[in-house]
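Okay, my_file08.cif is below, mmCIF, N, CA and C atoms:
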data_input
loop_
_atom_site.label_atom_id
_atom_site.label_comp_id
_atom_site.auth_asym_id
_atom_site.auth_seq_id
_atom_site.Cartn_x
_atom_site.Cartn_y
_atom_site.Cartn_z
N MET A 1 -7.74 13.94 -19.44
CA MET A 1 -7.76 13.07 -20.59
C MET A 1 -6.35 12.66 -20.98
N ALA A 2 -5.41 13.59 -20.82
CA ALA A 2 -4.03 13.29 -21.19
C ALA A 2 -3.49 12.15 -20.32
N ILE A 3 -3.81 12.17 -19.04
CA ILE A 3 -3.33 11.11 -18.14
C ILE A 3 -3.98 9.78 -18.50
N ALA A 4 -5.28 9.78 -18.77
CA ALA A 4 -5.97 8.55 -19.15
C ALA A 4 -5.42 8.00 -20.46
N ASN A 5 -5.13 8.87 -21.41
CA ASN A 5 -4.56 8.45 -22.69
C ASN A 5 -3.17 7.86 -22.49
N TYR A 6 -2.37 8.52 -21.68
CA TYR A 6 -1.03 8.01 -21.39
C TYR A 6 -1.13 6.64 -20.73
N ALA A 7 -2.02 6.50 -19.76
CA ALA A 7 -2.20 5.23 -19.05
C ALA A 7 -2.63 4.12 -20.02
N ALA A 8 -3.48 4.46 -20.96
CA ALA A 8 -3.96 3.46 -21.91
C ALA A 8 -2.85 2.97 -22.83
N ASN A 9 -1.84 3.80 -23.05
CA ASN A 9 -0.78 3.46 -24.00
C ASN A 9 0.53 3.01 -23.35
N HIS A 10 0.60 3.01 -22.04
CA HIS A 10 1.83 2.62 -21.35
C HIS A 10 1.50 1.60 -20.25
N ASP A 11 1.99 0.40 -20.42
CA ASP A 11 1.69 -0.68 -19.48
C ASP A 11 2.22 -0.42 -18.07
N ASP A 12 3.29 0.35 -17.97
CA ASP A 12 3.90 0.57 -16.65
C ASP A 12 3.37 1.82 -15.95
N PHE A 13 2.33 2.43 -16.49
CA PHE A 13 1.81 3.68 -15.92
C PHE A 13 1.43 3.53 -14.45
N TYR A 14 0.68 2.51 -14.12
CA TYR A 14 0.21 2.35 -12.74
C TYR A 14 1.37 2.04 -11.80
N GLU A 15 2.33 1.26 -12.27
CA GLU A 15 3.50 0.97 -11.45
C GLU A 15 4.30 2.25 -11.18
N VAL A 16 4.47 3.06 -12.20
CA VAL A 16 5.21 4.31 -12.03
C VAL A 16 4.48 5.25 -11.08
N MET A 17 3.17 5.38 -11.24
CA MET A 17 2.38 6.26 -10.37
C MET A 17 2.37 5.73 -8.93
N PHE A 18 2.24 4.42 -8.77
CA PHE A 18 2.24 3.83 -7.45
C PHE A 18 3.59 4.05 -6.77
N ASP A 19 4.68 3.82 -7.50
CA ASP A 19 6.01 4.04 -6.93
C ASP A 19 6.20 5.50 -6.54
N ALA A 20 5.73 6.42 -7.37
CA ALA A 20 5.86 7.85 -7.05
C ALA A 20 5.06 8.20 -5.80
N ALA A 21 3.85 7.68 -5.69
CA ALA A 21 3.02 7.96 -4.52
C ALA A 21 3.63 7.36 -3.26
N LEU A 22 4.14 6.15 -3.36
CA LEU A 22 4.76 5.50 -2.21
C LEU A 22 6.02 6.24 -1.78
N ASN A 23 6.83 6.64 -2.75
CA ASN A 23 8.04 7.40 -2.42
C ASN A 23 7.69 8.71 -1.74
N HIS A 24 6.66 9.39 -2.22
CA HIS A 24 6.23 10.64 -1.59
C HIS A 24 5.77 10.38 -0.16
N LEU A 25 5.01 9.32 0.03
CA LEU A 25 4.51 9.00 1.37
C LEU A 25 5.66 8.71 2.32
N LEU A 26 6.59 7.87 1.89
CA LEU A 26 7.67 7.46 2.78
C LEU A 26 8.73 8.55 2.96
N ASP A 27 9.01 9.31 1.91
CA ASP A 27 10.05 10.34 1.99
C ASP A 27 9.53 11.66 2.53
N GLY A 28 8.26 11.97 2.27
CA GLY A 28 7.74 13.27 2.64
C GLY A 28 6.83 13.28 3.85
N VAL A 29 6.19 12.15 4.13
CA VAL A 29 5.20 12.11 5.22
C VAL A 29 5.70 11.26 6.38
N LEU A 30 6.06 10.04 6.09
CA LEU A 30 6.50 9.11 7.14
C LEU A 30 8.03 9.09 7.22
N THR A 31 8.61 10.24 7.47
CA THR A 31 10.06 10.35 7.53
C THR A 31 10.59 9.80 8.85
N ASP A 32 11.86 9.47 8.88
CA ASP A 32 12.47 8.92 10.10
C ASP A 32 12.39 9.91 11.26
N ASP A 33 12.53 11.20 10.96
CA ASP A 33 12.49 12.18 12.04
C ASP A 33 11.10 12.30 12.67
N LEU A 34 10.09 11.78 12.00
CA LEU A 34 8.75 11.76 12.58
C LEU A 34 8.73 10.92 13.85
N PHE A 35 9.58 9.90 13.89
CA PHE A 35 9.60 8.98 15.01
C PHE A 35 10.75 9.25 15.98
N ALA A 36 11.57 10.26 15.68
CA ALA A 36 12.69 10.59 16.57
C ALA A 36 12.17 11.45 17.73
N PRO A 37 12.49 11.06 18.93
CA PRO A 37 12.02 11.85 20.07
C PRO A 37 12.74 13.20 20.14
N ASP A 38 12.06 14.20 20.65
CA ASP A 38 12.63 15.52 20.88
C ASP A 38 13.66 15.40 21.99
N LYS A 39 14.82 16.03 21.82
CA LYS A 39 15.90 15.92 22.80
C LYS A 39 15.49 16.46 24.17
N GLU A 40 14.59 17.41 24.19
CA GLU A 40 14.15 18.00 25.45
C GLU A 40 12.95 17.26 26.06
N PHE A 41 12.46 16.29 25.35
CA PHE A 41 11.27 15.56 25.78
C PHE A 41 11.70 14.26 26.46
N ALA A 42 11.21 14.02 27.62
CA ALA A 42 11.49 12.77 28.34
C ALA A 42 10.20 11.96 28.36
N PRO A 43 10.04 11.05 27.38
CA PRO A 43 8.79 10.30 27.28
C PRO A 43 8.61 9.31 28.43
N THR A 44 7.36 9.10 28.75
CA THR A 44 7.02 8.07 29.74
C THR A 44 7.08 6.71 29.05
N LYS A 45 7.01 5.66 29.82
CA LYS A 45 7.02 4.31 29.24
C LYS A 45 5.85 4.13 28.28
N GLU A 46 4.70 4.67 28.64
CA GLU A 46 3.52 4.56 27.77
C GLU A 46 3.76 5.29 26.44
N GLU A 47 4.38 6.45 26.50
CA GLU A 47 4.66 7.20 25.27
C GLU A 47 5.69 6.49 24.40
N VAL A 48 6.69 5.89 25.03
CA VAL A 48 7.69 5.11 24.29
C VAL A 48 7.01 3.93 23.60
N ASP A 49 6.13 3.26 24.31
CA ASP A 49 5.40 2.13 23.73
C ASP A 49 4.55 2.59 22.55
N THR A 50 3.92 3.74 22.68
CA THR A 50 3.09 4.29 21.59
C THR A 50 3.96 4.61 20.38
N MET A 51 5.12 5.23 20.61
CA MET A 51 6.03 5.54 19.49
C MET A 51 6.51 4.26 18.81
N ASN A 52 6.81 3.24 19.59
CA ASN A 52 7.26 1.97 19.01
C ASN A 52 6.15 1.30 18.20
N ARG A 53 4.92 1.38 18.69
CA ARG A 53 3.79 0.83 17.93
C ARG A 53 3.60 1.60 16.62
N ALA A 54 3.75 2.93 16.67
CA ALA A 54 3.60 3.75 15.47
C ALA A 54 4.68 3.41 14.45
N LYS A 55 5.89 3.23 14.92
CA LYS A 55 6.98 2.87 14.01
C LYS A 55 6.73 1.49 13.41
N GLY A 56 6.28 0.55 14.22
CA GLY A 56 5.95 -0.78 13.72
C GLY A 56 4.84 -0.74 12.69
N THR A 57 3.83 0.10 12.94
CA THR A 57 2.73 0.25 11.98
C THR A 57 3.24 0.82 10.67
N ALA A 58 4.11 1.81 10.73
CA ALA A 58 4.67 2.40 9.52
C ALA A 58 5.46 1.37 8.72
N GLU A 59 6.22 0.53 9.41
CA GLU A 59 6.97 -0.51 8.73
C GLU A 59 6.03 -1.54 8.10
N LEU A 60 4.95 -1.87 8.79
CA LEU A 60 3.96 -2.80 8.26
C LEU A 60 3.30 -2.22 7.01
N VAL A 61 2.91 -0.95 7.08
CA VAL A 61 2.28 -0.30 5.93
C VAL A 61 3.26 -0.28 4.75
N ASN A 62 4.51 0.00 5.02
CA ASN A 62 5.52 -0.01 3.97
C ASN A 62 5.59 -1.38 3.32
N GLY A 63 5.61 -2.43 4.14
CA GLY A 63 5.64 -3.78 3.59
C GLY A 63 4.39 -4.12 2.79
N LEU A 64 3.24 -3.67 3.27
CA LEU A 64 1.99 -3.92 2.55
C LEU A 64 1.98 -3.21 1.20
N PHE A 65 2.47 -1.97 1.18
CA PHE A 65 2.52 -1.23 -0.08
C PHE A 65 3.44 -1.92 -1.07
N HIS A 66 4.58 -2.40 -0.60
CA HIS A 66 5.49 -3.10 -1.51
C HIS A 66 4.86 -4.40 -2.01
N GLY A 67 4.16 -5.11 -1.11
CA GLY A 67 3.47 -6.33 -1.53
C GLY A 67 2.37 -6.04 -2.53
N LEU A 68 1.61 -4.96 -2.30
CA LEU A 68 0.57 -4.58 -3.24
C LEU A 68 1.17 -4.18 -4.58
N ALA A 69 2.29 -3.49 -4.55
CA ALA A 69 2.96 -3.11 -5.80
C ALA A 69 3.38 -4.34 -6.57
N ASP A 70 3.88 -5.36 -5.87
CA ASP A 70 4.27 -6.60 -6.54
C ASP A 70 3.07 -7.29 -7.17
N ILE A 71 1.94 -7.27 -6.46
CA ILE A 71 0.72 -7.87 -7.01
C ILE A 71 0.26 -7.10 -8.24
N LEU A 72 0.28 -5.77 -8.16
CA LEU A 72 -0.17 -4.95 -9.29
C LEU A 72 0.75 -5.12 -10.49
N LYS A 73 2.00 -5.43 -10.27
CA LYS A 73 2.94 -5.65 -11.37
C LYS A 73 2.54 -6.88 -12.18
N THR A 74 1.94 -7.85 -11.51
CA THR A 74 1.58 -9.11 -12.19
C THR A 74 0.23 -9.02 -12.90
N ILE A 75 -0.53 -7.97 -12.60
CA ILE A 75 -1.86 -7.85 -13.21
C ILE A 75 -1.74 -7.25 -14.59
#
Could you show the structure in this file as structure tokens?
Amino acid sequence: MAIANYAANHDDFYEVMFDAALNHLLDGVLTDDLFAPDKEFAPTKEEVDTMNRAKGTAELVNGLFHGLADILKTI
């Protein structure tokens, strides 16, 4: 109830919560070292392609989240 009450009285509540969730996702889950290859690992071309696609997907998701945040700011 406290969170709902706070949200009802603060216009920026959703923006603050969204930014906190996005920061947690990008800083705690999708970190740069997630995509760094292991020094002892010699990836095949297929594995390199997969890592590059994963990194591209992460960048796309990041862009989508920022775009969604901008849309939510206008609502």
Q.
Which residues, named as in the file, does the PyMOL selection byres (((chain A and resi 48-65 and name CA) around 10) and name CA) pick out? Answer as a PyMOL selection string.
A. chain A and resi 18-19+22+25-26+30-32+34-37+42-47+66-71
Q.
Rounded to one decimal, what separation in Å do you get between atom N of A:Thr74 and atom N of A:His10?
A. 15.2 Å
(Q) So the first atom is atom N of A:Leu72 and the second is atom C of A:Met17; what is the distance between them in Å, to one decimal place? (A) 11.7 Å
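A straight-line distance of 17.9 Å separates atom CA of A:Ile75 from atom CA of A:Ala4.
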